[in-house]
Amino acid sequence: MDSEKNSLLKYSKYQYIIIGAGGHAKVILETLRLENKKIYGFFDDNNVKLQGLKYLGTIKELNKWTDKEKEKYKFIIAIGDCAVRKKIVEQLNLSSEQYGVAIHPSAILAESISIGPGTVIFANAVLNPDAVIEKHVIINTGCIVEHDCIIKSYVHLSPGVALAGGVRVGIGTQIGIGSQCIQTKKIGSWCMIGAGSTIVKDIPSHTLVYGTPAKIMKEGINIEF
Ligand SMILES: CC(C)(COP(=O)(O)OP(=O)(O)OC[C@H]1O[C@@H](n2cnc3c(N)ncnc32)[C@H](O)[C@@H]1OP(=O)(O)O)[C@@H](O)C(=O)NCCC(=O)NCCS
């Protein structure tokens, strides 16, 4: 990734607001802190605790903020479930520029990758040249995204997922922990790929898939709202 852009992200004038307060939010918070980003607080529909961070209210309350109030902040939706993450983005009606990114300092990013707003990249992930990562994607701990992969919006790559060169993952698909995919395969949208799977063929959209080699276990699943 362009190093000037990278340093702008790191030393941004904005304060960050996290939406969500579960385990995934904890990892995002830790990542932002390690990047030395300023974090203002979090919204969640339940008044819970998040590592000493200031609770700001429910999502409905955020929607009452004026544009002027919102403009000092960058937001990150900290929800691992792909469909819920998308639904909250739709409810919030923020512009793309109002979403920040969180990139763990130990992640290795090639200069030529692109990363969309709202995306998070956790510790020890490796993203190789010309990978394209769209909006609100989760690249979890220790993932490998090889050269020329295309990861569409709202995808979640669970910890330790390895995608070989030129793999394409459709919108909203979750790939389970420790799974892998051989080069140039196309994985459809809104699929659930079980933990520890090995994908060796293209996978149609809306399927539940698992195993080594991965097999389609259920078709027509609807994990989107
Ligand atoms: C694939 C998955 C979604 C299926 O969930 P489910 O529909 O609730 O499935 P069940 O737990 O009822 O299991 C059904 C059967 O499939 C088997 N199975 C489930 N997941 C499997 C997997 N990943 N690989 C191989 N077999 C699996 C179970 O052993 C069970 O077999 P049995 O009928 O012979 O006992 C889930 O098991 C999974 O792998 N989720 C990914 C979790 C993950 O990676 N989380 C990371 C969060 S960051």
# chains A, B, ... in the order shown; residues from 1 in each chain; ligands from 1
$ closest_atom_pairs --of "stretch 69-182 of chain A" --to "stretch 18-33 of chain A" --cutoff "9 Å" --atoms "only C-alpha atoms" --output "Markdown table"
| residue | atom | partner | partner_atom | distance |
| --- | --- | --- | --- | --- |
| A:Lys74 | CA | A:Ile18 | CA | 8.6 |
| A:Phe75 | CA | A:Ile18 | CA | 5.9 |
| A:Ile76 | CA | A:Ile18 | CA | 5.1 |
| A:Ile77 | CA | A:Ile19 | CA | 4.8 |
| A:Ala78 | CA | A:Ala25 | CA | 4.8 |
| A:Ile79 | CA | A:Gly20 | CA | 5.9 |
| A:Gly80 | CA | A:His24 | CA | 6.2 |
| A:Ile88 | CA | A:Ile19 | CA | 9.0 |
| A:Val101 | CA | A:Leu32 | CA | 8.7 |
| A:Ala102 | CA | A:Leu32 | CA | 5.8 |
| A:Ile103 | CA | A:Thr31 | CA | 6.6 |
| A:His104 | CA | A:Thr31 | CA | 5.1 |
| A:Pro105 | CA | A:Thr31 | CA | 7.8 |
| A:Val120 | CA | A:Ile28 | CA | 7.3 |
| A:Ile121 | CA | A:Thr31 | CA | 8.6 |
| A:Phe122 | CA | A:Thr31 | CA | 7.0 |
| A:Ala123 | CA | A:Thr31 | CA | 8.0 |
$ write_last_selection --atoms "N, CA and C atoms" --output "tab-separated table (two decimals), in the first residue's frame"
chain	number	residue	atom	x	y	z
A	74	LYS	N	-14.38	8.98	12.43
A	74	LYS	CA	-14.41	7.86	11.48
A	74	LYS	C	-15.07	6.69	12.21
A	75	PHE	N	-15.91	5.98	11.52
A	75	PHE	CA	-16.68	4.90	12.14
A	75	PHE	C	-16.19	3.55	11.61
A	76	ILE	N	-16.26	2.54	12.47
A	76	ILE	CA	-15.99	1.16	12.02
A	76	ILE	C	-17.07	0.26	12.60
A	77	ILE	N	-17.70	-0.53	11.74
A	77	ILE	CA	-18.72	-1.48	12.22
A	77	ILE	C	-17.98	-2.72	12.69
A	78	ALA	N	-18.06	-2.99	14.00
A	78	ALA	CA	-17.28	-4.07	14.60
A	78	ALA	C	-18.19	-5.28	14.87
A	79	ILE	N	-18.71	-5.83	13.80
A	79	ILE	CA	-19.64	-6.96	13.93
A	79	ILE	C	-19.20	-8.05	12.95
A	80	GLY	N	-18.91	-9.24	13.48
A	80	GLY	CA	-18.35	-10.30	12.64
A	80	GLY	C	-19.34	-10.89	11.64
A	88	ILE	N	-26.40	-2.92	9.32
A	88	ILE	CA	-26.10	-1.72	10.12
A	88	ILE	C	-25.56	-0.60	9.23
A	101	VAL	N	-10.53	2.63	8.60
A	101	VAL	CA	-10.02	1.26	8.50
A	101	VAL	C	-9.16	1.00	9.74
A	102	ALA	N	-8.98	-0.27	10.06
A	102	ALA	CA	-8.08	-0.64	11.16
A	102	ALA	C	-7.12	-1.68	10.61
A	103	ILE	N	-5.83	-1.38	10.69
A	103	ILE	CA	-4.82	-2.30	10.13
A	103	ILE	C	-3.76	-2.55	11.20
A	104	HIS	N	-3.67	-3.77	11.65
A	104	HIS	CA	-2.71	-4.10	12.71
A	104	HIS	C	-1.29	-3.84	12.22
A	105	PRO	N	-0.44	-3.24	13.07
A	105	PRO	CA	0.92	-2.91	12.61
A	105	PRO	C	1.73	-4.13	12.15
A	120	VAL	N	-11.21	-4.08	8.07
A	120	VAL	CA	-10.25	-4.29	9.17
A	120	VAL	C	-9.31	-5.44	8.82
A	121	ILE	N	-8.05	-5.27	9.18
A	121	ILE	CA	-7.02	-6.28	8.88
A	121	ILE	C	-6.26	-6.54	10.17
A	122	PHE	N	-6.30	-7.77	10.64
A	122	PHE	CA	-5.77	-8.08	11.96
A	122	PHE	C	-4.32	-8.58	11.91
A	123	ALA	N	-3.82	-8.91	13.10
A	123	ALA	CA	-2.39	-9.23	13.28
A	123	ALA	C	-1.92	-10.34	12.35
$ residues_around --residues "stretch 217-224 of chain A" --least-positions-apart "3" --cutoff "6 Å" --atoms "only C-alpha atoms" --output "JSON, numbers by chain"
{"A": [83, 206, 207, 208, 209]}
$ closest_atom_pairs --of "stretch 56-172 of chain A" --to "stretch 188-194 of chain A" --cutoff "8 Å" --atoms "only C-alpha atoms" --output "CSV"
residue,atom,partner,partner_atom,distance
A:Val169,CA,A:Gly188,CA,6.1
A:Gly170,CA,A:Ser189,CA,4.0
A:Ile171,CA,A:Ser189,CA,4.7
A:Gly172,CA,A:Trp190,CA,4.7
$ write_last_selection --atoms "N, CA, C and O atoms" --output "PDB file, in the first residue's frame"
ATOM      1  N   VAL A 169     -13.771 -13.770  -4.045  1.00  0.00           N
ATOM      2  CA  VAL A 169     -14.776 -14.125  -3.024  1.00  0.00           C
ATOM      3  C   VAL A 169     -15.923 -13.123  -3.126  1.00  0.00           C
ATOM      4  O   VAL A 169     -15.716 -11.917  -3.000  1.00  0.00           O
ATOM      5  N   GLY A 170     -17.149 -13.626  -3.347  1.00  0.00           N
ATOM      6  CA  GLY A 170     -18.312 -12.773  -3.558  1.00  0.00           C
ATOM      7  C   GLY A 170     -18.805 -12.112  -2.279  1.00  0.00           C
ATOM      8  O   GLY A 170     -18.489 -12.545  -1.161  1.00  0.00           O
ATOM      9  N   ILE A 171     -19.630 -11.110  -2.459  1.00  0.00           N
ATOM     10  CA  ILE A 171     -20.127 -10.279  -1.358  1.00  0.00           C
ATOM     11  C   ILE A 171     -20.748 -11.130  -0.237  1.00  0.00           C
ATOM     12  O   ILE A 171     -21.452 -12.100  -0.505  1.00  0.00           O
ATOM     13  N   GLY A 172     -20.408 -10.769   1.003  1.00  0.00           N
ATOM     14  CA  GLY A 172     -21.073 -11.324   2.175  1.00  0.00           C
ATOM     15  C   GLY A 172     -20.710 -12.750   2.552  1.00  0.00           C
ATOM     16  O   GLY A 172     -21.293 -13.303   3.490  1.00  0.00           O
TER      17      GLY A 172
END
$ select_by_dssp --residues "chain A" --states "strand (DSSP E)" --output "NGL selection string"
:A and (15-19 or 38-43 or 55-57 or 73-77 or 102-103 or 108-109 or 114-115 or 120-121 or 126-127 or 132-133 or 138-139 or 144-145 or 150-151 or 156-157 or 162-163 or 168-169 or 174-175 or 180-181 or 186-187 or 192-193 or 198-199 or 207-210 or 215-219)
$ select_by_dssp --residues "stretch 4-220 of chain A" --states "alpha helix (DSSP H)" --output "JSON, numbers by chain"
{"A": [4, 5, 6, 7, 8, 9, 10, 23, 24, 25, 26, 27, 28, 29, 30, 31, 32, 33, 34, 59, 60, 61, 62, 63, 67, 68, 69, 70, 82, 83, 84, 85, 86, 87, 88, 89, 90, 91, 92]}
$ residues_near_ligand --ligand "ligand 1" --cutoff "6 Å" --atoms "only C-alpha atoms and all ligand atoms" --output "ChimeraX atom specification"
/A:158,176-177,194-196,210-211
$ write_last_selection --atoms "C-alpha atoms" --output "PDB file, in the first residue's frame"
ATOM      1  CA  SER A 158     -11.847 -16.010   9.617  1.00  0.00           C
ATOM      2  CA  GLY A 176     -14.367 -20.457   8.319  1.00  0.00           C
ATOM      3  CA  ILE A 177     -11.255 -20.617  10.425  1.00  0.00           C
ATOM      4  CA  GLY A 194     -17.069 -24.359   7.177  1.00  0.00           C
ATOM      5  CA  ALA A 195     -13.943 -24.346   9.315  1.00  0.00           C
ATOM      6  CA  GLY A 196     -10.929 -26.229   7.958  1.00  0.00           C
ATOM      7  CA  TYR A 210     -17.277 -27.718   4.018  1.00  0.00           C
ATOM      8  CA  GLY A 211     -14.740 -30.514   4.090  1.00  0.00           C
TER       9      GLY A 211
END
$ residues_around --residues "stretch 114-117 of chain A" --least-positions-apart "2" --cutoff "8 Å" --atoms "only C-alpha atoms" --output "PyMOL selection string"
chain A and resi 1+96-97+99-101+112+119+130-137
$ write_last_selection --atoms "N, CA, C and O atoms" --output "tab-separated table (two decimals), in the first residue's frame"
chain	number	residue	atom	x	y	z
A	1	MET	N	0.84	-1.20	0.00
A	1	MET	CA	0.00	0.00	0.00
A	1	MET	C	0.88	1.25	0.00
A	1	MET	O	1.93	1.26	0.61
A	96	SER	N	-19.16	6.80	2.42
A	96	SER	CA	-17.97	5.94	2.45
A	96	SER	C	-16.82	6.61	3.18
A	96	SER	O	-16.08	5.96	3.92
A	97	GLU	N	-16.66	7.93	2.97
A	97	GLU	CA	-15.52	8.65	3.57
A	97	GLU	C	-15.62	8.69	5.10
A	97	GLU	O	-14.62	8.92	5.78
A	99	TYR	N	-16.25	6.21	6.99
A	99	TYR	CA	-15.77	4.95	7.57
A	99	TYR	C	-14.25	4.92	7.57
A	99	TYR	O	-13.60	5.28	6.58
A	100	GLY	N	-13.69	4.47	8.68
A	100	GLY	CA	-12.24	4.31	8.79
A	100	GLY	C	-11.83	2.88	8.52
A	100	GLY	O	-12.67	2.02	8.25
A	101	VAL	N	-10.53	2.63	8.60
A	101	VAL	CA	-10.02	1.26	8.50
A	101	VAL	C	-9.16	1.00	9.74
A	101	VAL	O	-8.67	1.93	10.37
A	112	SER	N	0.70	-2.37	-3.76
A	112	SER	CA	-0.31	-2.21	-4.82
A	112	SER	C	-1.70	-2.71	-4.44
A	112	SER	O	-2.57	-2.80	-5.30
A	119	THR	N	-12.99	-1.49	6.30
A	119	THR	CA	-12.32	-2.80	6.34
A	119	THR	C	-11.34	-2.89	7.50
A	119	THR	O	-10.71	-1.90	7.86
A	130	ASP	N	-1.52	-6.51	-5.73
A	130	ASP	CA	-2.72	-6.36	-6.55
A	130	ASP	C	-3.96	-7.05	-5.97
A	130	ASP	O	-4.93	-7.26	-6.70
A	131	ALA	N	-3.91	-7.40	-4.69
A	131	ALA	CA	-5.15	-7.87	-4.04
A	131	ALA	C	-6.09	-6.67	-3.90
A	131	ALA	O	-5.65	-5.55	-3.62
A	132	VAL	N	-7.37	-6.92	-4.14
A	132	VAL	CA	-8.38	-5.86	-4.01
A	132	VAL	C	-9.33	-6.26	-2.88
A	132	VAL	O	-9.96	-7.32	-2.94
A	133	ILE	N	-9.41	-5.41	-1.87
A	133	ILE	CA	-10.27	-5.69	-0.72
A	133	ILE	C	-11.30	-4.57	-0.69
A	133	ILE	O	-10.95	-3.41	-0.51
A	134	GLU	N	-12.56	-4.92	-0.86
A	134	GLU	CA	-13.58	-3.87	-0.94
A	134	GLU	C	-14.00	-3.37	0.45
A	134	GLU	O	-13.22	-3.38	1.37
A	135	LYS	N	-15.27	-2.97	0.59
A	135	LYS	CA	-15.74	-2.27	1.80
A	135	LYS	C	-16.17	-3.23	2.92
A	135	LYS	O	-16.77	-4.27	2.64
A	136	HIS	N	-15.91	-2.83	4.17
A	136	HIS	CA	-16.44	-3.53	5.34
A	136	HIS	C	-16.07	-5.02	5.34
A	136	HIS	O	-16.86	-5.88	5.73
A	137	VAL	N	-14.84	-5.29	4.89
A	137	VAL	CA	-14.33	-6.67	4.87
A	137	VAL	C	-13.56	-6.92	6.17
A	137	VAL	O	-12.94	-6.00	6.72
$ residues_around --residues "stretch 51-60 of chain A" --least-positions-apart "6" --cutoff "8 Å" --atoms "only C-alpha atoms" --output "list in words"
Ile19, Lys26, Tyr40, Gly41, Phe42, Phe43, Asp44, Asp45 and Leu92 of chain A
$ write_last_selection --atoms "N, CA and C atoms" --output "compact mmCIF listing (two decimals), in the first residue's frame"
# COMPACT_ATOMS: atom_id res chain seq x y z
N ILE A 19 -18.68 0.59 16.34
CA ILE A 19 -20.09 0.21 16.48
C ILE A 19 -20.15 -1.29 16.70
N LYS A 26 -13.51 -5.98 20.42
CA LYS A 26 -12.30 -5.91 21.26
C LYS A 26 -11.04 -5.94 20.41
N TYR A 40 -12.81 7.58 20.31
CA TYR A 40 -13.72 8.40 21.11
C TYR A 40 -14.66 7.55 21.96
N GLY A 41 -15.19 6.47 21.41
CA GLY A 41 -16.13 5.65 22.17
C GLY A 41 -16.81 4.63 21.27
N PHE A 42 -17.87 4.01 21.81
CA PHE A 42 -18.57 3.00 21.00
C PHE A 42 -20.09 3.11 21.17
N PHE A 43 -20.77 2.68 20.13
CA PHE A 43 -22.23 2.53 20.16
C PHE A 43 -22.55 1.04 20.17
N ASP A 44 -23.61 0.69 20.88
CA ASP A 44 -24.11 -0.68 20.83
C ASP A 44 -25.55 -0.62 21.31
N ASP A 45 -26.39 -1.53 20.83
CA ASP A 45 -27.79 -1.48 21.26
C ASP A 45 -27.95 -1.90 22.72
N LEU A 92 -27.26 3.12 8.99
CA LEU A 92 -26.54 4.33 9.41
C LEU A 92 -26.51 5.42 8.35
$ atom_distance --atom1 "atom CA of A:Asp67" --atom2 "atom CA of A:Val155"
28.3 Å
$ residues_around --residues "A:His147" --least-positions-apart "4" --cutoff "10 Å" --atoms "only C-alpha atoms" --output "short mmCIF file (atom, residue, chain, number, x, y, z; two decimals) with C-alpha atoms, in the first residue's frame"
data_model
loop_
_atom_site.label_atom_id
_atom_site.label_comp_id
_atom_site.auth_asym_id
_atom_site.auth_seq_id
_atom_site.Cartn_x
_atom_site.Cartn_y
_atom_site.Cartn_z
CA ALA A 110 1.90 -5.01 -0.58
CA SER A 112 -0.31 -2.21 -4.82
CA ILE A 113 -3.26 -3.51 -2.82
CA LEU A 127 -1.83 -9.29 1.56
CA ASN A 128 0.19 -9.70 -1.60
CA PRO A 129 0.39 -7.51 -4.74
CA ASP A 130 -2.72 -6.36 -6.55
CA ALA A 131 -5.15 -7.87 -4.04
CA VAL A 132 -8.38 -5.86 -4.01
CA LEU A 163 -6.38 -17.82 -0.47
CA ALA A 164 -4.00 -18.62 -3.34
CA GLY A 165 -3.46 -16.22 -6.26
CA GLY A 166 -6.43 -14.82 -8.18
CA VAL A 167 -9.20 -16.17 -5.95
CA GLN A 183 -5.62 -20.49 -7.12
#
$ atom_distance --atom1 "atom CA of A:Thr212" --atom2 "atom CA of A:Ser197"
5.3 Å
$ residues_around --residues "A:Lys185" --least-positions-apart "3" --cutoff "7 Å" --atoms "only C-alpha atoms" --output "NGL selection string"
:A and (167-168 or 182 or 201-202)
$ closest_residue --among "A:Val84, A:Ala107, A:Ile144, A:Val161" --to "A:Glu35" --atoms "only C-alpha atoms"
A:Ala107
$ decode --residues "stretch 190-206 of chain A" --atoms "N, CA and C atoms" --output "CSV table (one decimal), in the first residue's frame"
chain,number,residue,atom,x,y,z
A,190,TRP,N,-22.6,-14.6,-0.4
A,190,TRP,CA,-23.4,-15.1,0.7
A,190,TRP,C,-23.3,-16.6,0.9
A,191,CYS,N,-22.1,-17.1,0.8
A,191,CYS,CA,-21.8,-18.5,1.1
A,191,CYS,C,-21.3,-18.6,2.6
A,192,MET,N,-21.5,-19.8,3.2
A,192,MET,CA,-20.8,-20.1,4.4
A,192,MET,C,-19.9,-21.3,4.2
A,193,ILE,N,-18.6,-21.0,4.4
A,193,ILE,CA,-17.6,-22.1,4.1
A,193,ILE,C,-17.1,-22.6,5.5
A,194,GLY,N,-17.4,-23.8,5.8
A,194,GLY,CA,-17.1,-24.4,7.2
A,194,GLY,C,-15.6,-24.3,7.5
A,195,ALA,N,-15.3,-24.4,8.8
A,195,ALA,CA,-13.9,-24.3,9.3
A,195,ALA,C,-13.1,-25.5,8.7
A,196,GLY,N,-11.9,-25.2,8.4
A,196,GLY,CA,-10.9,-26.2,8.0
A,196,GLY,C,-11.2,-26.8,6.6
A,197,SER,N,-11.9,-26.1,5.8
A,197,SER,CA,-12.3,-26.6,4.4
A,197,SER,C,-11.1,-26.3,3.4
A,198,THR,N,-11.1,-27.2,2.4
A,198,THR,CA,-10.1,-27.0,1.3
A,198,THR,C,-10.9,-26.8,0.0
A,199,ILE,N,-10.9,-25.6,-0.5
A,199,ILE,CA,-11.8,-25.4,-1.7
A,199,ILE,C,-10.9,-25.6,-3.0
A,200,VAL,N,-11.4,-26.6,-3.8
A,200,VAL,CA,-10.6,-26.9,-5.0
A,200,VAL,C,-11.5,-26.7,-6.3
A,201,LYS,N,-12.7,-26.3,-6.1
A,201,LYS,CA,-13.6,-26.0,-7.3
A,201,LYS,C,-14.3,-24.7,-7.0
A,202,ASP,N,-14.9,-24.1,-8.1
A,202,ASP,CA,-15.7,-22.9,-7.9
A,202,ASP,C,-16.9,-23.3,-7.1
A,203,ILE,N,-17.4,-22.3,-6.3
A,203,ILE,CA,-18.5,-22.5,-5.3
A,203,ILE,C,-19.6,-21.6,-5.7
A,204,PRO,N,-20.8,-22.1,-6.0
A,204,PRO,CA,-21.9,-21.2,-6.3
A,204,PRO,C,-22.4,-20.3,-5.1
A,205,SER,N,-23.0,-19.2,-5.4
A,205,SER,CA,-23.5,-18.4,-4.4
A,205,SER,C,-24.6,-19.1,-3.5
A,206,HIS,N,-24.8,-18.6,-2.3
A,206,HIS,CA,-25.8,-19.1,-1.4
A,206,HIS,C,-25.7,-20.6,-1.1
